[in-house]
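Enquirer: Got a file for you: target_25.tsv, TSV, C-alpha atoms.
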chain	number	residue	atom	x	y	z
A	265	MET	CA	-40.13	103.25	4.12
A	266	VAL	CA	-40.29	101.53	7.47
A	267	VAL	CA	-37.23	99.47	8.35
A	268	THR	CA	-38.15	96.03	9.69
A	269	VAL	CA	-36.09	93.12	11.02
A	270	GLU	CA	-37.52	89.62	10.73
A	271	LYS	CA	-36.19	86.14	11.42
A	272	VAL	CA	-35.57	83.90	8.42
A	273	SER	CA	-36.49	80.19	8.33
A	274	VAL	CA	-32.98	78.92	9.05
A	275	PRO	CA	-32.38	76.82	12.18
A	276	PRO	CA	-30.20	78.46	14.87
A	277	LEU	CA	-26.48	77.99	14.22
A	278	VAL	CA	-23.43	78.01	16.46
A	279	ILE	CA	-21.76	80.66	14.32
A	280	GLY	CA	-23.65	81.65	11.18
A	281	GLU	CA	-21.22	83.32	8.78
A	282	THR	CA	-20.22	84.46	5.27
A	283	PRO	CA	-23.68	84.77	3.65
A	284	HIS	CA	-23.61	84.61	-0.15
A	285	TRP	CA	-26.68	85.54	-2.17
A	286	ASP	CA	-26.97	83.63	-5.45
A	287	ILE	CA	-29.13	85.47	-7.97
A	288	ASP	CA	-29.54	82.48	-10.28
A	289	THR	CA	-31.20	80.28	-7.66
A	290	GLN	CA	-32.60	83.03	-5.39
A	291	SER	CA	-30.81	81.30	-2.54
A	292	LEU	CA	-28.79	82.44	0.43
A	293	TYR	CA	-25.78	80.23	1.10
A	294	LEU	CA	-23.98	80.42	4.43
A	295	VAL	CA	-21.98	78.29	6.86
A	296	ASP	CA	-22.11	77.25	10.48
A	297	VAL	CA	-18.44	77.73	11.30
A	298	MET	CA	-18.19	75.60	14.45
A	299	GLY	CA	-21.24	73.50	13.62
A	300	SER	CA	-19.35	72.09	10.60
A	301	ALA	CA	-22.26	72.69	8.24
A	302	ILE	CA	-23.22	74.43	5.02
A	303	VAL	CA	-26.68	75.92	4.58
A	304	ARG	CA	-28.91	76.93	1.68
A	305	TYR	CA	-31.95	79.08	2.33
A	306	ASP	CA	-34.34	78.89	-0.62
A	307	LEU	CA	-36.36	82.10	-0.85
A	308	PRO	CA	-39.18	80.87	-3.16
A	309	SER	CA	-40.07	77.98	-0.83
A	310	ASP	CA	-38.95	79.66	2.42
A	311	GLN	CA	-37.03	76.51	3.35
A	312	ALA	CA	-33.53	75.85	4.66
A	313	PHE	CA	-31.37	72.87	3.74
A	314	VAL	CA	-28.36	71.89	5.88
A	315	ALA	CA	-25.51	69.51	5.11
A	316	LYS	CA	-22.98	68.39	7.71
A	317	LEU	CA	-19.29	68.17	6.79
A	318	ASP	CA	-16.36	66.22	8.19
A	319	VAL	CA	-14.10	69.30	8.49
A	320	THR	CA	-13.95	72.02	11.15
A	321	PRO	CA	-14.14	74.97	11.05
A	322	VAL	CA	-16.12	75.68	7.88
A	323	SER	CA	-15.30	79.24	6.89
A	324	PHE	CA	-17.26	80.01	3.71
A	325	ILE	CA	-19.23	78.59	0.78
A	326	ILE	CA	-19.37	80.08	-2.74
A	327	PRO	CA	-21.06	78.55	-5.82
A	328	VAL	CA	-18.95	77.70	-8.87
A	329	ALA	CA	-19.77	79.53	-12.12
A	330	GLY	CA	-21.46	77.46	-14.82
A	331	SER	CA	-22.50	74.74	-12.39
A	332	ASN	CA	-25.64	73.94	-10.44
A	333	GLY	CA	-24.02	71.63	-7.91
A	334	LYS	CA	-20.41	72.64	-7.34
A	335	PHE	CA	-19.12	74.93	-4.60
A	336	ILE	CA	-15.88	75.95	-3.00
A	337	ILE	CA	-15.52	76.00	0.77
A	338	GLY	CA	-12.73	76.93	3.16
A	339	SER	CA	-11.57	74.99	6.22
A	340	HIS	CA	-8.41	75.35	8.30
A	341	HIS	CA	-5.57	75.75	5.73
A	342	LYS	CA	-7.43	74.39	2.69
A	343	ILE	CA	-9.80	75.44	-0.07
A	344	TYR	CA	-12.01	72.56	-1.21
A	345	LEU	CA	-14.21	71.88	-4.22
A	346	ILE	CA	-17.39	70.04	-3.25
A	347	ASP	CA	-20.41	68.57	-5.00
A	348	TRP	CA	-23.75	69.23	-3.30
A	349	ASP	CA	-27.27	69.28	-4.67
A	350	GLY	CA	-28.29	72.03	-2.24
A	351	CYS	CA	-30.95	69.87	-0.62
A	352	SER	CA	-29.36	66.72	0.80
A	353	ASP	CA	-27.95	66.54	4.32
A	354	LYS	CA	-24.65	65.22	2.93
A	355	ILE	CA	-22.33	66.24	0.11
A	356	ASP	CA	-21.40	63.92	-2.76
A	357	SER	CA	-17.67	64.60	-3.07
A	358	MET	CA	-14.85	66.78	-1.79
A	359	GLU	CA	-11.36	67.53	-3.15
A	360	VAL	CA	-8.58	69.92	-2.21
A	361	LEU	CA	-8.00	72.81	-4.62
A	362	CYS	CA	-5.42	74.72	-2.61
A	363	GLU	CA	-3.53	74.38	0.66
A	364	LEU	CA	-1.71	77.13	2.53
A	365	THR	CA	1.81	76.10	3.45
A	366	ASP	CA	2.99	79.45	4.85
A	367	GLN	CA	0.63	79.75	7.81
A	368	PRO	CA	1.20	78.51	11.38
A	369	GLU	CA	-1.07	75.73	12.61
A	370	ILE	CA	-2.91	78.16	14.90
A	371	ASN	CA	-4.15	80.22	11.92
A	372	VAL	CA	-7.22	79.27	9.86
A	373	VAL	CA	-9.03	80.51	6.76
A	374	ASN	CA	-11.77	83.06	7.40
A	375	ASP	CA	-14.09	85.25	5.26
A	376	ALA	CA	-13.94	85.04	1.45
A	377	LYS	CA	-15.55	86.50	-1.69
A	378	CYS	CA	-14.94	86.48	-5.44
A	379	ASP	CA	-14.22	89.44	-7.69
A	380	THR	CA	-15.87	90.00	-11.08
A	381	THR	CA	-13.36	87.72	-12.82
A	382	GLY	CA	-14.24	84.83	-10.49
A	383	ARG	CA	-10.95	85.08	-8.58
A	384	LEU	CA	-11.25	84.11	-4.89
A	385	TRP	CA	-10.09	86.49	-2.16
A	386	PHE	CA	-9.79	85.31	1.43
A	387	GLY	CA	-7.87	85.87	4.62
A	388	THR	CA	-6.82	84.01	7.72
A	389	TYR	CA	-6.95	84.73	11.42
A	390	ASN	CA	-4.98	83.75	14.48
A	391	THR	CA	-7.28	81.60	16.63
A	392	ASN	CA	-5.41	82.72	19.74
A	393	VAL	CA	-7.73	85.74	19.53
A	394	ILE	CA	-10.27	83.69	21.49
A	395	PHE	CA	-7.94	83.40	24.46
A	396	PHE	CA	-5.65	86.44	24.19
A	397	GLY	CA	-7.85	89.07	22.53
A	398	ASP	CA	-5.98	92.21	21.52
A	399	ASP	CA	-2.64	90.66	22.50
A	400	THR	CA	-2.84	88.21	19.59
A	401	GLU	CA	0.12	88.39	17.20
A	402	ALA	CA	-0.46	89.70	13.68
A	403	THR	CA	0.50	86.51	11.85
A	404	ALA	CA	-2.52	86.29	9.55
A	405	LYS	CA	-2.46	87.08	5.81
A	406	PHE	CA	-4.78	88.04	2.96
A	407	TYR	CA	-4.71	86.01	-0.25
A	408	SER	CA	-6.15	85.68	-3.73
A	409	TYR	CA	-6.56	82.38	-5.54
A	410	SER	CA	-7.40	81.20	-9.04
A	411	LYS	CA	-6.51	77.98	-10.82
A	412	GLU	CA	-4.39	79.93	-13.33
A	413	GLU	CA	-2.51	82.11	-10.80
A	414	GLY	CA	-2.46	79.79	-7.82
A	415	CYS	CA	-2.46	81.26	-4.31
A	416	ARG	CA	-0.96	84.77	-4.00
A	417	VAL	CA	-0.23	86.64	-0.76
A	418	GLN	CA	-1.80	90.09	-1.08
A	419	ALA	CA	-1.31	91.54	2.44
A	420	THR	CA	0.43	90.53	5.68
A	421	ASP	CA	0.66	91.55	9.36
A	422	ILE	CA	-3.04	90.97	10.00
A	423	LYS	CA	-4.65	89.72	13.22
A	424	VAL	CA	-8.14	88.78	12.01
A	425	SER	CA	-8.81	89.12	8.30
A	426	ASN	CA	-12.57	89.46	8.14
A	427	GLY	CA	-15.23	91.19	6.01
A	428	LEU	CA	-14.27	92.28	2.50
A	429	THR	CA	-15.97	93.95	-0.42
A	430	TRP	CA	-15.31	96.06	-3.52
A	431	ASP	CA	-16.67	99.46	-4.50
A	432	PRO	CA	-19.17	99.61	-7.42
A	433	GLU	CA	-16.43	100.53	-9.93
A	434	PHE	CA	-14.04	97.84	-8.62
A	435	ASN	CA	-11.29	100.40	-8.11
A	436	SER	CA	-11.08	99.75	-4.36
A	437	LEU	CA	-11.11	96.72	-2.12
A	438	TYR	CA	-12.19	97.18	1.50
A	439	LEU	CA	-10.98	94.80	4.21
A	440	ILE	CA	-11.65	94.57	7.95
A	441	ASP	CA	-8.96	93.57	10.42
A	442	THR	CA	-11.21	92.96	13.40
A	443	LEU	CA	-8.65	93.40	16.17
A	444	THR	CA	-7.44	96.73	14.83
A	445	TYR	CA	-11.11	97.81	15.02
A	446	SER	CA	-10.77	99.30	11.56
A	447	ILE	CA	-11.71	99.11	7.89
A	448	GLY	CA	-8.91	99.45	5.38
A	449	ARG	CA	-9.02	100.42	1.73
A	450	PHE	CA	-6.66	99.08	-0.95
A	451	GLU	CA	-6.36	100.24	-4.53
A	452	TYR	CA	-7.62	97.34	-6.62
A	453	ASN	CA	-5.79	96.74	-9.89
A	454	LYS	CA	-7.10	94.97	-12.98
A	455	ASP	CA	-4.20	92.51	-12.87
A	456	GLY	CA	-5.53	91.13	-9.59
A	457	SER	CA	-3.15	92.95	-7.26
A	458	ILE	CA	-3.82	95.47	-4.52
A	459	GLY	CA	-1.79	98.31	-3.01
A	460	ASN	CA	-1.72	101.69	-1.24
A	461	HIS	CA	-3.49	100.67	1.95
A	462	GLU	CA	-5.22	103.31	4.07
A	463	VAL	CA	-7.60	103.17	7.02
A	464	VAL	CA	-10.99	104.65	6.12
A	465	TYR	CA	-12.76	103.94	9.41
A	466	SER	CA	-11.48	103.34	12.95
A	467	MET	CA	-13.77	102.49	15.85
A	468	GLU	CA	-11.10	103.64	18.28
A	469	ASP	CA	-10.88	107.05	16.59
A	470	LYS	CA	-14.67	107.33	16.91
A	471	ASN	CA	-14.48	106.34	20.61
A	472	ILE	CA	-16.75	103.34	20.08
A	473	ALA	CA	-15.82	101.22	23.08
A	474	SER	CA	-17.60	97.93	22.45
A	475	GLY	CA	-18.19	95.55	19.59
A	476	PHE	CA	-15.95	94.23	16.84
A	477	PRO	CA	-16.26	94.93	13.09
A	478	ASP	CA	-16.91	91.55	11.48
A	479	GLY	CA	-18.56	90.83	8.11
A	480	MET	CA	-19.18	93.58	5.56
A	481	THR	CA	-20.88	94.38	2.27
A	482	ILE	CA	-21.40	97.49	0.13
A	483	ASP	CA	-24.44	99.14	-1.42
A	484	LYS	CA	-24.94	100.63	-4.89
A	485	ASP	CA	-24.04	104.07	-3.52
A	486	GLY	CA	-20.64	102.91	-2.30
A	487	ASN	CA	-21.49	102.88	1.42
A	488	LEU	CA	-20.31	100.04	3.65
A	489	TRP	CA	-22.67	97.95	5.77
A	490	VAL	CA	-20.83	96.36	8.68
A	491	ALA	CA	-21.86	93.72	11.24
A	492	LEU	CA	-20.73	94.63	14.76
A	493	PHE	CA	-20.03	91.46	16.71
A	494	GLY	CA	-21.00	91.89	20.35
A	495	ARG	CA	-22.81	95.18	19.76
A	496	SER	CA	-26.18	94.03	18.35
A	497	GLU	CA	-25.92	96.41	15.43
A	498	VAL	CA	-25.43	96.70	11.70
A	499	VAL	CA	-24.02	100.09	10.74
A	500	CYS	CA	-23.77	101.92	7.42
A	501	ILE	CA	-20.49	103.82	6.97
A	502	ASP	CA	-19.49	106.35	4.33
A	503	PRO	CA	-15.88	105.33	3.54
A	504	SER	CA	-15.07	108.74	2.05
A	505	SER	CA	-15.89	110.62	5.26
A	506	GLY	CA	-15.66	107.86	7.88
A	507	GLU	CA	-19.07	108.85	9.22
A	508	ILE	CA	-21.86	106.50	10.31
A	509	LEU	CA	-24.87	107.21	8.09
A	510	ASP	CA	-27.32	104.72	9.53
A	511	LYS	CA	-27.61	101.86	11.97
A	512	VAL	CA	-30.05	99.03	12.55
A	513	ASP	CA	-30.46	97.46	15.99
A	514	MET	CA	-30.50	93.68	15.88
A	515	PRO	CA	-32.28	91.31	18.33
A	516	ALA	CA	-29.09	89.25	18.79
A	517	CYS	CA	-25.76	90.05	20.37
A	518	HIS	CA	-23.18	88.44	18.11
A	519	VAL	CA	-23.89	89.91	14.67
A	520	THR	CA	-21.41	88.24	12.31
A	521	SER	CA	-22.01	89.21	8.68
A	522	VAL	CA	-24.30	90.77	6.07
A	523	ALA	CA	-25.24	90.26	2.41
A	524	TRP	CA	-27.71	91.93	0.04
A	525	GLY	CA	-30.32	89.58	-1.37
A	526	GLY	CA	-33.86	89.21	-2.60
A	527	PRO	CA	-35.20	89.62	-6.15
A	528	ASN	CA	-33.96	93.22	-6.39
A	529	LEU	CA	-31.06	93.03	-3.93
A	530	GLU	CA	-32.98	95.36	-1.61
A	531	ASP	CA	-33.02	93.11	1.46
A	532	LEU	CA	-30.07	92.84	3.81
A	533	TYR	CA	-29.55	89.34	5.22
A	534	VAL	CA	-27.77	89.20	8.57
A	535	THR	CA	-26.08	86.21	10.22
A	536	THR	CA	-25.45	85.88	13.95
A	537	GLY	CA	-23.69	83.52	16.34
A	538	ASN	CA	-24.19	81.83	19.68
A	539	PHE	CA	-20.61	81.15	20.71
A	540	ARG	CA	-19.07	81.99	24.09
A	541	PRO	CA	-15.93	79.90	24.72
A	542	GLU	CA	-15.29	79.02	28.33
A	543	GLY	CA	-12.13	80.45	29.86
A	544	SER	CA	-11.78	83.01	27.08
A	545	LYS	CA	-10.27	86.46	27.57
A	546	PHE	CA	-12.58	87.67	24.84
A	547	PRO	CA	-14.60	90.59	26.28
A	548	LYS	CA	-17.79	89.55	28.03
A	549	MET	CA	-20.87	90.56	26.07
A	550	THR	CA	-24.47	91.04	27.06
A	551	VAL	CA	-26.96	88.40	25.94
A	552	VAL	CA	-29.72	90.35	24.21
A	553	SER	CA	-32.12	87.55	23.40
A	554	PRO	CA	-30.97	83.93	23.81
A	555	GLU	CA	-33.66	82.58	21.50
A	556	ASN	CA	-32.34	84.78	18.67
A	557	ASP	CA	-28.60	84.18	18.96
A	558	GLY	CA	-27.39	82.11	16.02
A	559	CYS	CA	-30.41	82.93	13.86
A	560	VAL	CA	-30.48	84.55	10.42
A	561	PHE	CA	-32.41	87.79	9.90
A	562	LYS	CA	-33.61	89.91	6.99
A	563	ILE	CA	-33.71	93.71	7.10
A	564	THR	CA	-36.22	95.32	4.75
A	565	GLY	CA	-37.14	98.93	4.07
A	566	LEU	CA	-33.61	100.27	3.68
A	567	SER	CA	-33.29	103.16	1.23
A	568	THR	CA	-30.70	101.49	-0.98
A	569	SER	CA	-29.80	98.15	-2.54
A	570	GLY	CA	-26.77	95.98	-3.10
A	571	LEU	CA	-24.61	94.60	-5.89
A	572	PRO	CA	-24.60	91.05	-7.28
A	573	MET	CA	-22.18	88.62	-5.65
A	574	ASN	CA	-19.82	86.68	-7.88
A	575	ARG	CA	-19.38	82.94	-8.31
A	576	PHE	CA	-15.96	81.28	-8.35
A	577	LYS	CA	-14.49	80.57	-11.80
A	578	LEU	CA	-13.12	77.04	-11.82
Show how you would write the structure in this file as structure tokens.
Expert:
Amino acid sequence: MVVTVEKVSVPPLVIGETPHWDIDTQSLYLVDVMGSAIVRYDLPSDQAFVAKLDVTPVSFIIPVAGSNGKFIIGSHHKIYLIDWDGCSDKIDSMEVLCELTDQPEINVVNDAKCDTTGRLWFGTYNTNVIFFGDDTEATAKFYSYSKEEGCRVQATDIKVSNGLTWDPEFNSLYLIDTLTYSIGRFEYNKDGSIGNHEVVYSMEDKNIASGFPDGMTIDKDGNLWVALFGRSEVVCIDPSSGEILDKVDMPACHVTSVAWGGPNLEDLYVTTGNFRPEGSKFPKMTVVSPENDGCVFKITGLSTSGLPMNRFKL
């Protein structure tokens, strides 16, 4: 099969992030982190619907199980429950489900996903990364949350908690700490705890000098697909060997995240950003194609497919 990359009918975003494919509605949900917006791309009609929010940043959006109009989102130190019809440019309601009280003001919620039980997993990152890069302190944490268990700290000493995913058997949880340039593996336990962390891939060990591992997903074969921010690539990594099996060049510099979607979960949706803070010590990156930065893309023709994403259990 021929691998192709095409632009999806979503308006350019400041930082497109955390794509979530919903099988029930054949929709791709995502956020514009700094644009303070949530987005639904409807595949059957090839239309995008955008709603602006009154909170910044907006870190993720995940549908609620058993509901057609409820979602959870993350912003700053809070997890919110919102009502949105998926079409209007405004939401109907918003309430706080959970608030982090153990994080410094400089840290904010970042990427999130739900496990098969509907439990939410998410991390934080130290926003000083924008100005201090690798010198940022490891004050971020990784959490799980459910209404029954509340918010539980699962891992600490993190700089930028980013992409996460589980293997097909749900025995392992993979997590990216962007500023360690690595992907870690935890044993995933049925009681909702994790342990025995090990690094399964290190960009520094592979002498890859540019780009940052950002969002991540997994395919049915257990291989990881990783967005490389600042490197214009999506790479496929075998976590058992640490080898790169495949890569797809993207027509945008800041590749932020990936998610399997489409009727058979054979298409890889890719989000990108168009964010270059002034005065930042963040490494300077080449602009590949200004008209593409911040757009959403779809990769077709890959020789594998993904796994269903899970809704949040309220």
Enquirer: Rank nothing, just name the residue among A:Asn460, A:Ser339, A:Asp379, A:Asp431 nearest to A:Ala419, using all atoms listed in the file.
Expert: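 Smallest distance to A:Ala419 is found for A:Asn460.
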Enquirer: Smallest atom-to-atom distance to A:Ala402: which of A:Met514, A:Val328, A:Cys362, A:Leu443, using all atoms listed in the file?
Expert: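 That would be A:Leu443, the residue with the smallest distance to A:Ala402.
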Enquirer: Which polymer residues have any atom within 9 Å of an atom of A:Ala315, counting all atoms listed in the file, with same-chain residues fewer than 5 positions away left out, as a PyMOL selection string?
Expert: chain A and resi 300-304+348+350-355
Enquirer: Using only C-alpha atoms, determine which residues lie at most 6 Å from stretch 383-393 of chain A, disregarding the query and same-chain residues fewer than 2 positions distant; provide the list as a compact mmCIF listing (two decimals) with C-alpha atoms, in the frame of the given file.
Expert:
# COMPACT_ATOMS: atom_id res chain seq x y z
CA ILE A 370 -2.91 78.16 14.90
CA ASN A 371 -4.15 80.22 11.92
CA VAL A 372 -7.22 79.27 9.86
CA VAL A 373 -9.03 80.51 6.76
CA ASN A 374 -11.77 83.06 7.40
CA ASP A 375 -14.09 85.25 5.26
CA ALA A 376 -13.94 85.04 1.45
CA LYS A 377 -15.55 86.50 -1.69
CA CYS A 378 -14.94 86.48 -5.44
CA ASP A 379 -14.22 89.44 -7.69
CA THR A 381 -13.36 87.72 -12.82
CA PHE A 395 -7.94 83.40 24.46
CA PHE A 396 -5.65 86.44 24.19
CA GLY A 397 -7.85 89.07 22.53
CA THR A 400 -2.84 88.21 19.59
CA ALA A 404 -2.52 86.29 9.55
CA LYS A 405 -2.46 87.08 5.81
CA PHE A 406 -4.78 88.04 2.96
CA TYR A 407 -4.71 86.01 -0.25
CA SER A 408 -6.15 85.68 -3.73
CA TYR A 409 -6.56 82.38 -5.54
CA SER A 410 -7.40 81.20 -9.04
CA LYS A 423 -4.65 89.72 13.22
CA VAL A 424 -8.14 88.78 12.01
CA SER A 425 -8.81 89.12 8.30
Enquirer: Using all atoms listed in the file, find the one residue out of A:Met265, A:Gly526, A:Leu578, A:Ile563 that sits nearest to A:Glu412.
Expert: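 Ranked by minimum distance to A:Glu412, first place goes to A:Leu578.
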